[in-house]
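K.L.:
So here's final24.cif (mmCIF, C-alpha atoms).
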```cif
data_query
loop_
_atom_site.label_atom_id
_atom_site.label_comp_id
_atom_site.auth_asym_id
_atom_site.auth_seq_id
_atom_site.Cartn_x
_atom_site.Cartn_y
_atom_site.Cartn_z
CA MET A 1 127.01 15.24 -100.63
CA ILE A 2 123.65 16.02 -99.16
CA GLN A 3 124.90 19.35 -97.88
CA VAL A 4 126.31 20.23 -101.39
CA LEU A 5 122.94 19.58 -102.91
CA GLY A 6 121.37 21.68 -100.21
CA VAL A 7 123.67 24.63 -101.06
CA LEU A 8 122.92 24.31 -104.74
CA LEU A 9 119.19 24.22 -104.04
CA GLY A 10 119.29 26.87 -101.32
CA ILE A 11 117.93 24.51 -98.65
CA ASP A 12 119.33 24.14 -95.15
CA MET A 13 119.56 20.37 -94.92
CA GLN A 14 120.77 20.51 -91.33
CA GLY A 15 117.34 21.49 -90.20
CA PHE A 16 116.11 18.08 -91.20
CA GLU A 17 118.66 16.20 -89.20
CA ARG A 18 118.04 15.14 -85.55
CA PRO A 19 120.00 12.89 -83.33
CA GLU A 20 118.91 9.29 -83.16
CA GLY A 21 116.23 8.80 -80.57
CA SER A 22 115.28 12.51 -80.49
CA ASN A 23 111.62 13.54 -80.65
CA GLU A 24 112.43 17.02 -81.92
CA MET A 25 110.57 17.86 -85.10
CA PRO A 26 111.18 20.69 -87.58
CA GLU A 27 109.23 23.87 -87.28
CA GLY A 28 105.81 23.78 -88.89
CA TYR A 29 105.75 19.99 -89.01
CA THR A 30 102.85 18.22 -87.37
CA ALA A 31 103.23 14.58 -86.62
CA ALA A 32 100.53 12.32 -88.08
CA PRO A 33 98.78 10.12 -85.58
CA PRO A 34 100.03 6.57 -85.56
CA PRO A 35 97.87 4.22 -87.61
CA SER A 36 95.41 2.26 -85.51
CA SER A 37 95.77 -1.43 -85.67
CA PRO A 38 92.85 -3.26 -87.39
CA PRO A 39 90.43 -5.03 -85.02
CA GLN A 40 91.30 -8.60 -84.57
CA SER A 41 88.63 -10.98 -85.86
CA PRO A 42 87.49 -13.63 -83.46
CA PRO A 43 89.18 -16.96 -83.92
CA ARG A 44 87.40 -19.15 -86.40
CA ALA A 45 85.85 -22.34 -85.26
CA SER A 46 87.75 -25.38 -86.20
CA ALA A 47 86.60 -27.20 -89.31
CA SER A 48 85.84 -30.26 -87.20
CA SER A 49 82.86 -28.53 -85.48
CA SER A 50 80.26 -26.39 -87.32
CA LYS A 51 78.04 -25.72 -84.24
CA PRO A 52 78.77 -22.72 -82.05
CA ALA A 53 79.72 -23.42 -78.50
CA PRO A 54 76.64 -23.53 -76.25
CA PRO A 55 76.16 -20.60 -73.88
CA PRO A 56 77.00 -21.25 -70.30
CA PRO A 57 73.94 -22.49 -68.38
CA LYS A 58 72.09 -19.89 -66.43
CA GLU A 59 72.01 -20.39 -62.80
CA GLU A 60 68.38 -21.19 -61.90
CA PRO A 61 66.95 -19.36 -58.93
CA LYS A 62 66.71 -21.58 -55.96
CA MET A 63 63.12 -22.21 -54.84
CA GLU A 64 62.33 -21.89 -51.26
CA VAL A 65 61.17 -25.25 -50.02
CA ASP A 66 59.09 -25.54 -46.94
CA GLU A 67 60.99 -28.46 -45.56
CA GLU A 68 58.66 -28.65 -42.59
CA ALA A 69 55.60 -29.09 -44.88
CA GLU A 70 57.05 -31.92 -46.96
CA PRO A 71 56.57 -34.60 -44.31
CA GLU A 72 53.01 -33.39 -43.77
CA LYS A 73 52.23 -33.63 -47.48
CA LYS A 74 53.71 -37.09 -47.65
CA GLU A 75 51.64 -38.19 -44.67
CA ALA A 76 48.49 -36.69 -46.23
CA LEU A 77 49.05 -38.57 -49.50
CA GLU A 78 49.52 -41.79 -47.57
CA LEU A 79 46.21 -41.16 -45.80
CA LYS A 80 44.58 -40.47 -49.18
CA ALA A 81 45.82 -43.79 -50.52
CA LYS A 82 44.51 -45.49 -47.39
CA GLY A 83 41.12 -43.84 -47.91
CA ALA A 84 41.05 -44.95 -51.56
CA GLU A 85 41.61 -48.55 -50.53
CA ALA A 86 38.80 -48.37 -48.00
CA TYR A 87 36.54 -46.78 -50.64
CA LYS A 88 37.20 -49.66 -53.05
CA LYS A 89 36.21 -52.06 -50.31
CA LYS A 90 33.03 -50.00 -49.77
CA ASP A 91 34.09 -49.20 -46.23
CA PHE A 92 32.89 -45.63 -46.65
CA ALA A 93 33.17 -44.70 -42.97
CA ALA A 94 36.87 -45.60 -42.91
CA ALA A 95 37.40 -43.89 -46.27
CA LYS A 96 35.79 -40.69 -45.04
CA GLU A 97 37.90 -40.71 -41.87
CA ALA A 98 41.13 -41.18 -43.84
CA PHE A 99 40.31 -38.41 -46.34
CA GLU A 100 39.36 -36.00 -43.56
CA LYS A 101 42.61 -36.71 -41.70
CA ALA A 102 44.50 -36.11 -44.96
CA TRP A 103 42.91 -32.67 -45.21
CA GLU A 104 43.66 -31.86 -41.57
CA THR A 105 47.27 -32.94 -42.06
CA TRP A 106 47.88 -30.93 -45.24
CA PRO A 107 44.98 -28.54 -46.02
CA LYS A 108 46.22 -27.48 -49.44
CA ASP A 109 44.61 -30.08 -51.70
CA ILE A 110 40.80 -29.96 -51.94
CA SER A 111 40.71 -33.40 -53.58
CA PHE A 112 40.89 -34.73 -50.01
CA LEU A 113 37.55 -33.00 -49.34
CA THR A 114 35.88 -34.07 -52.59
CA ASN A 115 36.96 -37.65 -51.90
CA ALA A 116 35.50 -37.46 -48.41
CA ALA A 117 32.26 -36.15 -49.96
CA ALA A 118 32.26 -39.10 -52.36
CA ALA A 119 32.41 -41.48 -49.41
CA GLU A 120 29.55 -39.61 -47.73
CA PHE A 121 27.55 -39.71 -50.95
CA GLU A 122 27.96 -43.47 -51.35
CA ALA A 123 27.01 -43.95 -47.71
CA GLY A 124 23.74 -42.12 -48.42
CA ASP A 125 24.55 -39.08 -46.29
CA TYR A 126 23.71 -36.54 -49.00
CA ASP A 127 23.48 -33.54 -46.69
CA ALA A 128 27.00 -34.22 -45.38
CA ALA A 129 28.27 -34.61 -48.96
CA ILE A 130 26.76 -31.25 -49.90
CA ALA A 131 28.34 -29.56 -46.86
CA THR A 132 31.77 -31.08 -47.55
CA CYS A 133 31.70 -30.14 -51.24
CA THR A 134 30.61 -26.60 -50.35
CA LYS A 135 33.63 -26.39 -48.05
CA ALA A 136 35.81 -27.73 -50.87
CA VAL A 137 34.62 -24.95 -53.19
CA ASP A 138 35.24 -22.24 -50.56
CA GLU A 139 38.69 -23.57 -49.68
CA GLY A 140 39.48 -24.08 -53.36
CA ARG A 141 38.76 -20.44 -54.12
CA GLU A 142 41.18 -19.39 -51.38
CA LEU A 143 43.86 -21.80 -52.59
CA ARG A 144 43.22 -20.99 -56.27
CA ALA A 145 42.71 -24.65 -56.92
CA ASP A 146 42.35 -26.18 -60.37
CA PHE A 147 38.98 -25.25 -61.88
CA LYS A 148 38.42 -28.93 -62.68
CA LEU A 149 38.38 -29.72 -58.96
CA ILE A 150 35.90 -26.89 -58.35
CA ALA A 151 33.72 -28.27 -61.15
CA LYS A 152 33.89 -31.73 -59.62
CA ALA A 153 32.71 -30.39 -56.27
CA PHE A 154 29.78 -28.55 -57.88
CA GLY A 155 28.87 -31.67 -59.85
CA ARG A 156 28.83 -33.80 -56.72
CA ILE A 157 26.57 -31.28 -54.97
CA GLY A 158 24.22 -31.51 -57.95
CA SER A 159 24.21 -35.31 -57.78
CA ALA A 160 23.43 -35.18 -54.06
CA TYR A 161 20.47 -32.87 -54.63
CA LEU A 162 19.29 -35.17 -57.42
CA LYS A 163 19.29 -38.08 -54.98
CA LYS A 164 17.34 -35.96 -52.50
CA GLY A 165 14.74 -35.27 -55.20
CA ASP A 166 15.44 -31.52 -55.32
CA LEU A 167 15.65 -31.24 -59.11
CA GLY A 168 15.79 -27.45 -59.14
CA GLN A 169 18.92 -27.33 -56.97
CA ALA A 170 20.43 -30.23 -58.89
CA ILE A 171 20.02 -28.33 -62.18
CA SER A 172 21.52 -25.18 -60.63
CA TYR A 173 24.68 -26.97 -59.43
CA PHE A 174 25.12 -28.97 -62.64
CA GLN A 175 25.07 -25.64 -64.49
CA LYS A 176 27.67 -24.21 -62.07
CA SER A 177 29.86 -27.25 -62.67
CA LEU A 178 29.68 -26.79 -66.44
CA THR A 179 30.56 -23.12 -66.02
CA GLU A 180 33.83 -24.16 -64.37
CA HIS A 181 34.60 -27.07 -66.71
CA ARG A 182 32.44 -28.88 -69.28
CA THR A 183 32.37 -32.66 -69.09
CA PRO A 184 30.06 -35.06 -71.00
CA ASP A 185 29.01 -36.77 -67.78
CA ILE A 186 27.69 -33.60 -66.10
CA LEU A 187 26.12 -32.36 -69.34
CA LYS A 188 24.22 -35.64 -69.66
CA LYS A 189 23.06 -35.40 -66.04
CA LEU A 190 21.89 -31.82 -66.61
CA ASN A 191 19.85 -32.76 -69.70
CA GLU A 192 18.25 -35.74 -67.97
CA THR A 193 17.46 -33.73 -64.84
CA GLU A 194 15.90 -30.90 -66.84
CA LYS A 195 13.70 -33.45 -68.60
CA LEU A 196 12.65 -34.94 -65.26
CA LYS A 197 11.97 -31.46 -63.87
CA LYS A 198 9.74 -30.64 -66.83
CA GLU A 199 7.75 -33.85 -66.33
CA GLN A 200 7.53 -33.22 -62.59
CA ASP A 201 6.23 -29.69 -63.12
CA LYS A 202 3.73 -30.96 -65.65
CA LYS A 203 2.38 -33.56 -63.22
CA ALA A 204 2.25 -31.04 -60.40
CA TYR A 205 0.14 -28.77 -62.61
CA VAL A 206 -2.53 -31.41 -63.23
CA ASN A 207 -5.89 -30.55 -61.66
CA PRO A 208 -9.05 -32.03 -63.21
CA GLU A 209 -11.34 -29.54 -61.48
CA LEU A 210 -9.45 -26.55 -62.85
CA ALA A 211 -9.36 -28.30 -66.24
CA ASP A 212 -13.17 -28.47 -66.30
CA LYS A 213 -13.35 -24.79 -65.38
CA ALA A 214 -10.93 -23.84 -68.16
CA ARG A 215 -12.84 -25.92 -70.70
CA GLU A 216 -16.10 -24.18 -69.76
CA GLU A 217 -14.38 -20.83 -70.24
CA GLY A 218 -13.23 -22.04 -73.66
CA ASN A 219 -16.78 -22.98 -74.58
CA ALA A 220 -17.95 -19.50 -73.60
CA TYR A 221 -15.26 -17.88 -75.77
CA PHE A 222 -16.17 -20.19 -78.66
CA LYS A 223 -19.87 -19.26 -78.53
CA THR A 224 -19.03 -15.54 -78.75
CA GLY A 225 -16.76 -16.14 -81.74
CA ASP A 226 -13.52 -15.44 -79.81
CA TYR A 227 -11.76 -18.50 -81.19
CA ALA A 228 -8.29 -17.30 -80.16
CA GLY A 229 -9.53 -16.94 -76.58
CA ALA A 230 -11.08 -20.38 -76.84
CA VAL A 231 -7.73 -21.84 -77.93
CA ARG A 232 -6.03 -20.30 -74.88
CA ALA A 233 -8.66 -21.65 -72.50
CA TYR A 234 -8.64 -25.12 -74.07
CA THR A 235 -4.83 -25.14 -73.87
CA GLU A 236 -5.08 -24.46 -70.14
CA ALA A 237 -7.60 -27.31 -69.86
CA ILE A 238 -5.15 -29.64 -71.68
CA ASN A 239 -2.29 -28.65 -69.35
CA ARG A 240 -4.50 -29.25 -66.33
CA ALA A 241 -5.77 -32.61 -67.65
CA PRO A 242 -3.48 -33.98 -70.40
CA ASP A 243 -5.22 -37.39 -70.29
CA ASP A 244 -8.65 -35.96 -71.07
CA PRO A 245 -9.36 -36.12 -74.85
CA ARG A 246 -12.06 -33.45 -74.65
CA GLY A 247 -9.57 -30.61 -74.35
CA TYR A 248 -7.73 -31.65 -77.53
CA ASN A 249 -10.99 -32.19 -79.43
CA ASN A 250 -12.37 -28.80 -78.42
CA ARG A 251 -9.16 -27.03 -79.33
CA ALA A 252 -9.16 -28.79 -82.71
CA ASN A 253 -12.61 -27.30 -83.35
CA ALA A 254 -11.36 -23.81 -82.42
CA TYR A 255 -8.29 -24.23 -84.65
CA THR A 256 -10.58 -25.22 -87.52
CA LYS A 257 -12.51 -21.98 -87.12
CA LEU A 258 -9.20 -20.12 -87.25
CA VAL A 259 -8.30 -22.12 -90.41
CA ALA A 260 -5.25 -23.49 -88.58
CA LEU A 261 -5.99 -26.90 -90.09
CA PRO A 262 -2.64 -28.67 -89.50
CA GLU A 263 -2.87 -27.80 -85.79
CA ALA A 264 -6.50 -28.93 -85.74
CA LEU A 265 -5.60 -32.29 -87.31
CA LYS A 266 -2.78 -32.77 -84.82
CA ASP A 267 -5.12 -32.15 -81.88
CA ALA A 268 -7.78 -34.51 -83.26
CA GLU A 269 -5.17 -37.26 -83.65
CA GLN A 270 -3.86 -36.60 -80.14
CA ALA A 271 -7.37 -36.93 -78.73
CA ILE A 272 -7.68 -40.30 -80.50
CA ALA A 273 -4.29 -41.37 -79.12
CA VAL A 274 -5.44 -40.48 -75.59
CA ASP A 275 -8.72 -42.36 -75.98
CA PRO A 276 -9.21 -44.45 -79.17
CA LYS A 277 -12.91 -44.95 -78.32
CA PHE A 278 -13.64 -41.24 -78.17
CA ILE A 279 -15.90 -41.12 -81.29
CA LYS A 280 -16.16 -37.33 -81.34
CA ALA A 281 -12.41 -37.07 -81.98
CA ARG A 282 -12.66 -39.45 -84.95
CA ILE A 283 -15.54 -37.43 -86.38
CA ARG A 284 -13.53 -34.26 -85.76
CA LYS A 285 -10.57 -35.74 -87.66
CA SER A 286 -12.80 -36.52 -90.64
CA LEU A 287 -14.22 -32.98 -90.63
CA VAL A 288 -10.73 -31.43 -90.49
CA LEU A 289 -9.54 -33.60 -93.37
CA PHE A 290 -12.63 -32.61 -95.35
CA SER A 291 -11.77 -28.95 -94.74
CA MET A 292 -8.27 -29.69 -96.05
CA ARG A 293 -9.90 -31.16 -99.21
CA GLU A 294 -8.44 -34.55 -98.33
CA TYR A 295 -11.73 -36.24 -99.21
CA THR A 296 -10.38 -39.78 -99.45
CA LYS A 297 -8.75 -39.56 -96.02
CA ALA A 298 -11.85 -37.89 -94.64
CA MET A 299 -13.94 -40.80 -95.86
CA GLU A 300 -11.53 -43.30 -94.27
CA ALA A 301 -11.65 -41.44 -90.94
CA ALA A 302 -15.46 -41.49 -91.02
CA GLN A 303 -15.45 -45.22 -91.74
CA GLU A 304 -13.13 -45.78 -88.79
CA ALA A 305 -15.54 -43.82 -86.62
CA THR A 306 -18.27 -46.24 -87.67
CA ASP A 307 -16.19 -49.20 -86.44
CA PHE A 308 -15.79 -47.62 -83.00
CA ASP A 309 -19.38 -46.44 -82.66
CA GLU A 310 -20.45 -49.55 -80.79
CA ASP A 311 -23.51 -47.95 -79.19
CA LYS A 312 -24.59 -46.45 -82.55
CA LYS A 313 -25.13 -43.09 -80.85
CA HIS A 314 -23.38 -41.24 -83.66
CA THR A 315 -24.64 -43.27 -86.62
CA ALA A 316 -26.65 -40.48 -88.20
CA GLU A 317 -23.83 -37.95 -87.88
CA ILE A 318 -21.26 -40.35 -89.33
CA GLU A 319 -23.48 -41.39 -92.25
CA SER A 320 -24.16 -37.76 -93.07
CA LEU A 321 -20.43 -37.09 -93.05
CA MET A 322 -19.72 -40.08 -95.29
CA GLN A 323 -22.35 -38.94 -97.79
CA LYS A 324 -20.76 -35.51 -97.78
CA CYS A 325 -17.34 -37.04 -98.46
CA ALA A 326 -18.77 -39.30 -101.18
CA ALA A 327 -20.41 -36.36 -102.92
CA ALA A 328 -17.16 -34.40 -102.86
CA LEU A 329 -15.25 -37.38 -104.22
CA TYR A 330 -17.83 -37.95 -106.94
CA ALA A 331 -17.67 -34.31 -107.99
CA GLU A 332 -13.89 -34.44 -108.00
CA ARG A 333 -13.73 -37.65 -110.04
CA SER A 334 -16.77 -37.25 -112.24
CA GLN A 335 -14.66 -36.54 -115.30
CA GLU A 336 -12.21 -39.41 -114.66
CA THR A 337 -12.16 -42.52 -116.80
CA GLU A 338 -11.74 -45.88 -115.10
CA GLU A 339 -8.10 -45.94 -116.24
CA GLN A 340 -7.45 -42.50 -114.75
CA THR A 341 -9.15 -43.50 -111.50
CA LEU A 342 -7.04 -46.63 -111.25
CA ALA A 343 -3.83 -44.76 -112.11
CA ARG A 344 -4.54 -42.12 -109.45
CA ALA A 345 -5.52 -44.66 -106.79
CA MET A 346 -2.46 -46.83 -107.42
CA LYS A 347 -0.23 -43.93 -106.41
CA ASP A 348 -1.31 -44.69 -102.85
CA PRO A 349 1.06 -47.44 -101.57
CA GLU A 350 -1.69 -48.93 -99.40
CA VAL A 351 -4.09 -49.20 -102.35
CA ALA A 352 -1.36 -50.73 -104.49
CA GLN A 353 -0.69 -53.34 -101.80
CA ILE A 354 -4.40 -54.22 -101.54
CA MET A 355 -4.72 -54.56 -105.30
CA SER A 356 -1.72 -56.89 -105.45
CA ASP A 357 -3.20 -59.19 -102.78
CA PRO A 358 -4.42 -62.42 -104.48
CA ILE A 359 -7.26 -62.84 -102.00
CA MET A 360 -8.54 -59.31 -102.64
CA GLN A 361 -8.21 -59.84 -106.38
CA SER A 362 -10.43 -62.91 -106.07
CA LEU A 363 -12.97 -61.00 -103.98
CA LEU A 364 -13.10 -58.13 -106.44
CA GLN A 365 -13.65 -60.50 -109.35
CA GLN A 366 -16.48 -62.15 -107.40
CA ALA A 367 -17.99 -58.72 -106.61
CA GLN A 368 -18.11 -57.93 -110.33
CA GLN A 369 -20.23 -61.04 -110.83
CA ASP A 370 -22.25 -60.59 -107.62
CA PRO A 371 -22.06 -57.08 -106.04
CA ALA A 372 -24.12 -58.28 -103.06
CA SER A 373 -21.28 -60.61 -102.05
CA LEU A 374 -19.38 -57.60 -100.71
CA ALA A 375 -21.83 -57.41 -97.82
CA ASP A 376 -20.82 -60.89 -96.70
CA HIS A 377 -17.12 -60.11 -97.01
CA MET A 378 -17.58 -56.93 -94.97
CA LYS A 379 -18.28 -59.11 -91.94
CA ASN A 380 -14.53 -59.80 -91.79
CA PRO A 381 -12.98 -56.70 -90.10
CA MET A 382 -9.69 -56.96 -92.01
CA VAL A 383 -11.43 -57.35 -95.37
CA ALA A 384 -13.93 -54.62 -94.51
CA GLN A 385 -11.10 -52.19 -93.84
CA LYS A 386 -9.51 -52.91 -97.21
CA ILE A 387 -12.81 -52.66 -99.08
CA ARG A 388 -13.47 -49.29 -97.48
CA LYS A 389 -10.07 -48.15 -98.58
CA LEU A 390 -10.87 -49.11 -102.17
CA ILE A 391 -14.27 -47.42 -101.94
CA ALA A 392 -12.65 -44.24 -100.70
CA ALA A 393 -10.08 -44.45 -103.51
CA GLY A 394 -12.88 -44.74 -106.06
CA ILE A 395 -11.94 -48.19 -107.31
CA ILE A 396 -15.13 -49.70 -105.89
CA LYS A 397 -18.10 -47.51 -106.74
CA THR A 398 -21.14 -47.52 -104.48
CA ARG A 399 -23.42 -45.51 -106.73
#
```
Rewrite the structure from the file as C-alpha cells, please.
P.N.:
Amino acid sequence: MIQVLGVLLGIDMQGFERPEGSNEMPEGYTAAPPPSSPPQSPPRASASSSKPAPPPPKEEPKMEVDEEAEPEKKEALELKAKGAEAYKKKDFAAAKEAFEKAWETWPKDISFLTNAAAAEFEAGDYDAAIATCTKAVDEGRELRADFKLIAKAFGRIGSAYLKKGDLGQAISYFQKSLTEHRTPDILKKLNETEKLKKEQDKKAYVNPELADKAREEGNAYFKTGDYAGAVRAYTEAINRAPDDPRGYNNRANAYTKLVALPEALKDAEQAIAVDPKFIKARIRKSLVLFSMREYTKAMEAAQEATDFDEDKKHTAEIESLMQKCAAALYAERSQETEEQTLARAMKDPEVAQIMSDPIMQSLLQQAQQDPASLADHMKNPMVAQKIRKLIAAGIIKTR
C-alpha cells in the first residue's frame, strides 16, 4: 500500500526503508544529536530536618610539642608556688631562691624574675630589685612577653628608686611603666612622686643669702622705675626665701605700680600669712585695697594693722591711711540718706550678722544716748572688731 502511494506521488519509498538495527541513513539526512538529559537536582532534605548537614570537621594541624620542656615548665611552676608560700610567710630569702630556681629551670616566663625582685624589694635590697627587674625587661623583650609584665617590672624599678630617695629616677621609670600599660596604682605613685620632687627642688633652692641679694637688686630696679625688673628680682628672692614676708610685700608694691592690683593683693595677703605680725604687709594690703576703690575693706585692713602695731612704730602711718580711707568713704556716701546707707551696708553678710546680734543692738542703742560709751566697749577686742566693721560700713559715723 505504501509503495502504491509512492508510485502515485512519484516518491521512491524504498529509500526510506532500512533493516532493523541498521544505522544507515538516507542521503542528505543529518541525524540530530540525542537530547541531553536534564541535570538531576540534589535530593531534598527530609521534612523532619530543616538544618543542612554540618560540614565535615577540618583536621586541625598538629602542634609540635616540646615534650622535653613540659617537665621543666611543671617543675618551674611548682617552684613558683613554693616561692609564693615563702613570700606570704615573709621569708623573702627563701622566696627569692625559689623564684630564681624557677627561672633557671624554665627561662621563658619573666614573672619568675619580677617575683624574685619583689622578694628583694621587701627585704630592703633595692639595688638587687632594680637589677633583677632590669634583667626581666631585657629578657621580656627577647621573649616578646606580655606588655603588662614589662610594665610591672618598670613600676617595681620606680618603687625601688623611690625608696632609695632618687625621685628623678623613680619618676622616669613610673613614666616608662605607664607607657607600656596604664594602671591607677602607678599613675598615683607618679603624681605623688612628682609632687615630692617639686617640694624637694623648692627646698634645695632655698638660700637666704642669695634671697637678700635678689631683694636688693629688686630695690635697685624699683628706684629706677623698672617695676617689671623689680618683680623678677623679688620673685627670685621669694623662691630663695619663701618664709620671708619681705619678698612678697616688696613684690606687692611693684605690682601696684604696674596696676596689677589682684596680684598685689594676693602677695600682701601671702606676706601676712607667712608672718601675721608683719605690720608693713597689713599696711600694704590696705593701700592695695584703696587703689582698688575698696574703701571699706581698706579701712578694715588699716584697723587690723592698728591691732598688731604693738610697739606703735607705725601709728602715724596707719592713722594717716585711715583718715584717707574715711575721706574717700565720706565722699562716696555724702549723698546717701541713712536708709540708703543701712540698705547698702546690710548687703554685707558680716554687717547683717552684727546688726542682728542682741548684744550689739543694745550697745548701739546705748551709744546713741552716750557716744562716749563706745570708747569703753572698744576695750573688748571682739566688740572693738565689730564696731570697726560698722564704722567702715558707715553705720556708725565718727564725724
K.L.:
Do you know which residues are at most 10 Å from stretch 220-234 of chain A counting only C-alpha atoms, after dropping those on the same chain fewer than 5 positions away, and could you put them as a list of chain:residue names?
P.N.:
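After dropping sequence-adjacent residues, the list is A:Ala211, A:Asp212, A:Lys213, A:Ala214, A:Arg215, A:Asn239, A:Arg240, A:Arg246, A:Gly247, A:Tyr248, A:Asn249, A:Asn250, A:Arg251, A:Ala252, A:Asn253, A:Ala254, A:Tyr255, A:Thr256, A:Lys257, A:Leu258.
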K.L.:
Name the closest residue to A:Glu78 among the candidates A:Val206, A:Phe112, A:Ser356, A:Leu342; distances are taken between atoms, counting all atoms listed in the file.
P.N.:
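Of the candidates, the smallest distance to A:Glu78 is held by A:Phe112.
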K.L.:
Return the single residue from A:Ala76, A:Ile387, A:Leu187, A:Leu261 that is closest to A:Asp109, with distances computed using only C-alpha atoms.
P.N.:
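Counting only C-alpha atoms, the residue closest to A:Asp109 is A:Ala76.
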K.L.:
Using only C-alpha atoms, which of A:Ala160, A:Ile391, A:Met346, A:Leu210 sits nearest A:Ala237?
P.N.:
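Nearest candidate to A:Ala237 out of A:Ala160, A:Ile391, A:Met346, A:Leu210: A:Leu210.
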K.L.:
What is the atom CA of A:Leu167-atom CA of A:Ala119 distance in Å, reported with one decimal?
P.N.:
21.9 Å
K.L.:
Give me, please, the distance in Å between atom CA of A:Pro381 and atom CA of A:Glu339, quoted to one decimal.
P.N.:
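Result for atom CA of A:Pro381 versus atom CA of A:Glu339: 28.7 Å, one decimal.
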K.L.:
Any idea what the distance is between atom CA of A:Tyr205 and atom CA of A:Asp166?
P.N.:
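About the pair atom CA of A:Tyr205 and atom CA of A:Asp166: they are 17.2 Å apart.
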K.L.:
Quick one: residues within 10 Å of A:Ser159, all atoms listed in the file counted, chain neighbours fewer than 4 positions away excluded, as a VMD selection string?
P.N.:
chain A and resid 121 126 129 to 130 153 to 155 163 to 167 169 to 171 173 to 174 186 189 to 190 193
K.L.:
Quick one: everything within 8 Å of A:Leu287, counting all atoms listed in the file, minus sequence neighbours fewer than 4 positions away in the same chain. Send it as JSON, numbers by chain.
P.N.:
{"A": [283, 291, 298, 321]}
K.L.:
Just want the 7 Å neighbourhood of stretch 90-95 of chain A, counted on all atoms listed in the file, with same-chain residues fewer than 5 positions away dropped. Output as JSON, numbers by chain.
P.N.:
{"A": [83, 84, 119, 120, 123]}
K.L.:
At a cut-off of 12 Å, using all atoms listed in the file, what residues contact A:Ala384? Leave out same-chain residues fewer than 2 positions from it and give the result as a VMD selection string.
P.N.:
chain A and resid 300 303 to 304 306 to 307 354 360 363 374 to 382 386 to 391
K.L.:
Suppose a student applies the PyMOL selection byres ((chain A and resi 281) around 12) to this structure; what residues should they get, written as an mmCIF file with C-alpha atoms, in the coordinates of the input?
P.N.:
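Written out: part_39.cif:
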```
data_model
loop_
_atom_site.group_PDB
_atom_site.id
_atom_site.type_symbol
_atom_site.label_atom_id
_atom_site.label_comp_id
_atom_site.auth_asym_id
_atom_site.auth_seq_id
_atom_site.Cartn_x
_atom_site.Cartn_y
_atom_site.Cartn_z
ATOM 1 C CA ASP A 244 -8.650 -35.960 -71.070
ATOM 2 C CA PRO A 245 -9.360 -36.120 -74.850
ATOM 3 C CA ARG A 246 -12.060 -33.450 -74.650
ATOM 4 C CA GLY A 247 -9.570 -30.610 -74.350
ATOM 5 C CA TYR A 248 -7.730 -31.650 -77.530
ATOM 6 C CA ASN A 249 -10.990 -32.190 -79.430
ATOM 7 C CA ASN A 250 -12.370 -28.800 -78.420
ATOM 8 C CA ARG A 251 -9.160 -27.030 -79.330
ATOM 9 C CA ALA A 252 -9.160 -28.790 -82.710
ATOM 10 C CA ASN A 253 -12.610 -27.300 -83.350
ATOM 11 C CA ALA A 264 -6.500 -28.930 -85.740
ATOM 12 C CA LEU A 265 -5.600 -32.290 -87.310
ATOM 13 C CA LYS A 266 -2.780 -32.770 -84.820
ATOM 14 C CA ASP A 267 -5.120 -32.150 -81.880
ATOM 15 C CA ALA A 268 -7.780 -34.510 -83.260
ATOM 16 C CA GLU A 269 -5.170 -37.260 -83.650
ATOM 17 C CA GLN A 270 -3.860 -36.600 -80.140
ATOM 18 C CA ALA A 271 -7.370 -36.930 -78.730
ATOM 19 C CA ILE A 272 -7.680 -40.300 -80.500
ATOM 20 C CA ALA A 273 -4.290 -41.370 -79.120
ATOM 21 C CA VAL A 274 -5.440 -40.480 -75.590
ATOM 22 C CA ASP A 275 -8.720 -42.360 -75.980
ATOM 23 C CA PRO A 276 -9.210 -44.450 -79.170
ATOM 24 C CA LYS A 277 -12.910 -44.950 -78.320
ATOM 25 C CA PHE A 278 -13.640 -41.240 -78.170
ATOM 26 C CA ILE A 279 -15.900 -41.120 -81.290
ATOM 27 C CA LYS A 280 -16.160 -37.330 -81.340
ATOM 28 C CA ARG A 282 -12.660 -39.450 -84.950
ATOM 29 C CA ILE A 283 -15.540 -37.430 -86.380
ATOM 30 C CA ARG A 284 -13.530 -34.260 -85.760
ATOM 31 C CA LYS A 285 -10.570 -35.740 -87.660
ATOM 32 C CA SER A 286 -12.800 -36.520 -90.640
ATOM 33 C CA LEU A 287 -14.220 -32.980 -90.630
ATOM 34 C CA VAL A 288 -10.730 -31.430 -90.490
ATOM 35 C CA ALA A 301 -11.650 -41.440 -90.940
ATOM 36 C CA ALA A 302 -15.460 -41.490 -91.020
ATOM 37 C CA GLU A 304 -13.130 -45.780 -88.790
ATOM 38 C CA ALA A 305 -15.540 -43.820 -86.620
ATOM 39 C CA PHE A 308 -15.790 -47.620 -83.000
ATOM 40 C CA ASP A 309 -19.380 -46.440 -82.660
ATOM 41 C CA HIS A 314 -23.380 -41.240 -83.660
ATOM 42 C CA ILE A 318 -21.260 -40.350 -89.330
#
```
K.L.:
Return the single residue from A:Glu142, A:Glu192, A:Glu263, A:Glu180 that is closest to A:Leu162, with distances computed using all atoms listed in the file.
P.N.:
A:Glu192
K.L.:
I need the residue nearest A:Ala131 from this list: A:Tyr330, A:Phe290, A:Tyr161, A:Tyr295. Use all atoms listed in the file for the distance.
P.N.:
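The closest residue to A:Ala131 is A:Tyr161.
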K.L.:
I'd like to know which of A:Asn115, A:Gln369, A:Thr296, A:Thr105 is closest to A:Lys324, using all atoms listed in the file.
P.N.:
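Result for the nearest residue to A:Lys324: A:Thr296.
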K.L.:
Within 8 Å of (42.8, -43.1, -43.8), only C-alpha atoms: residues as an MDAnalysis selection string?
P.N.:
chainID A and resid 78:83 86 94:102
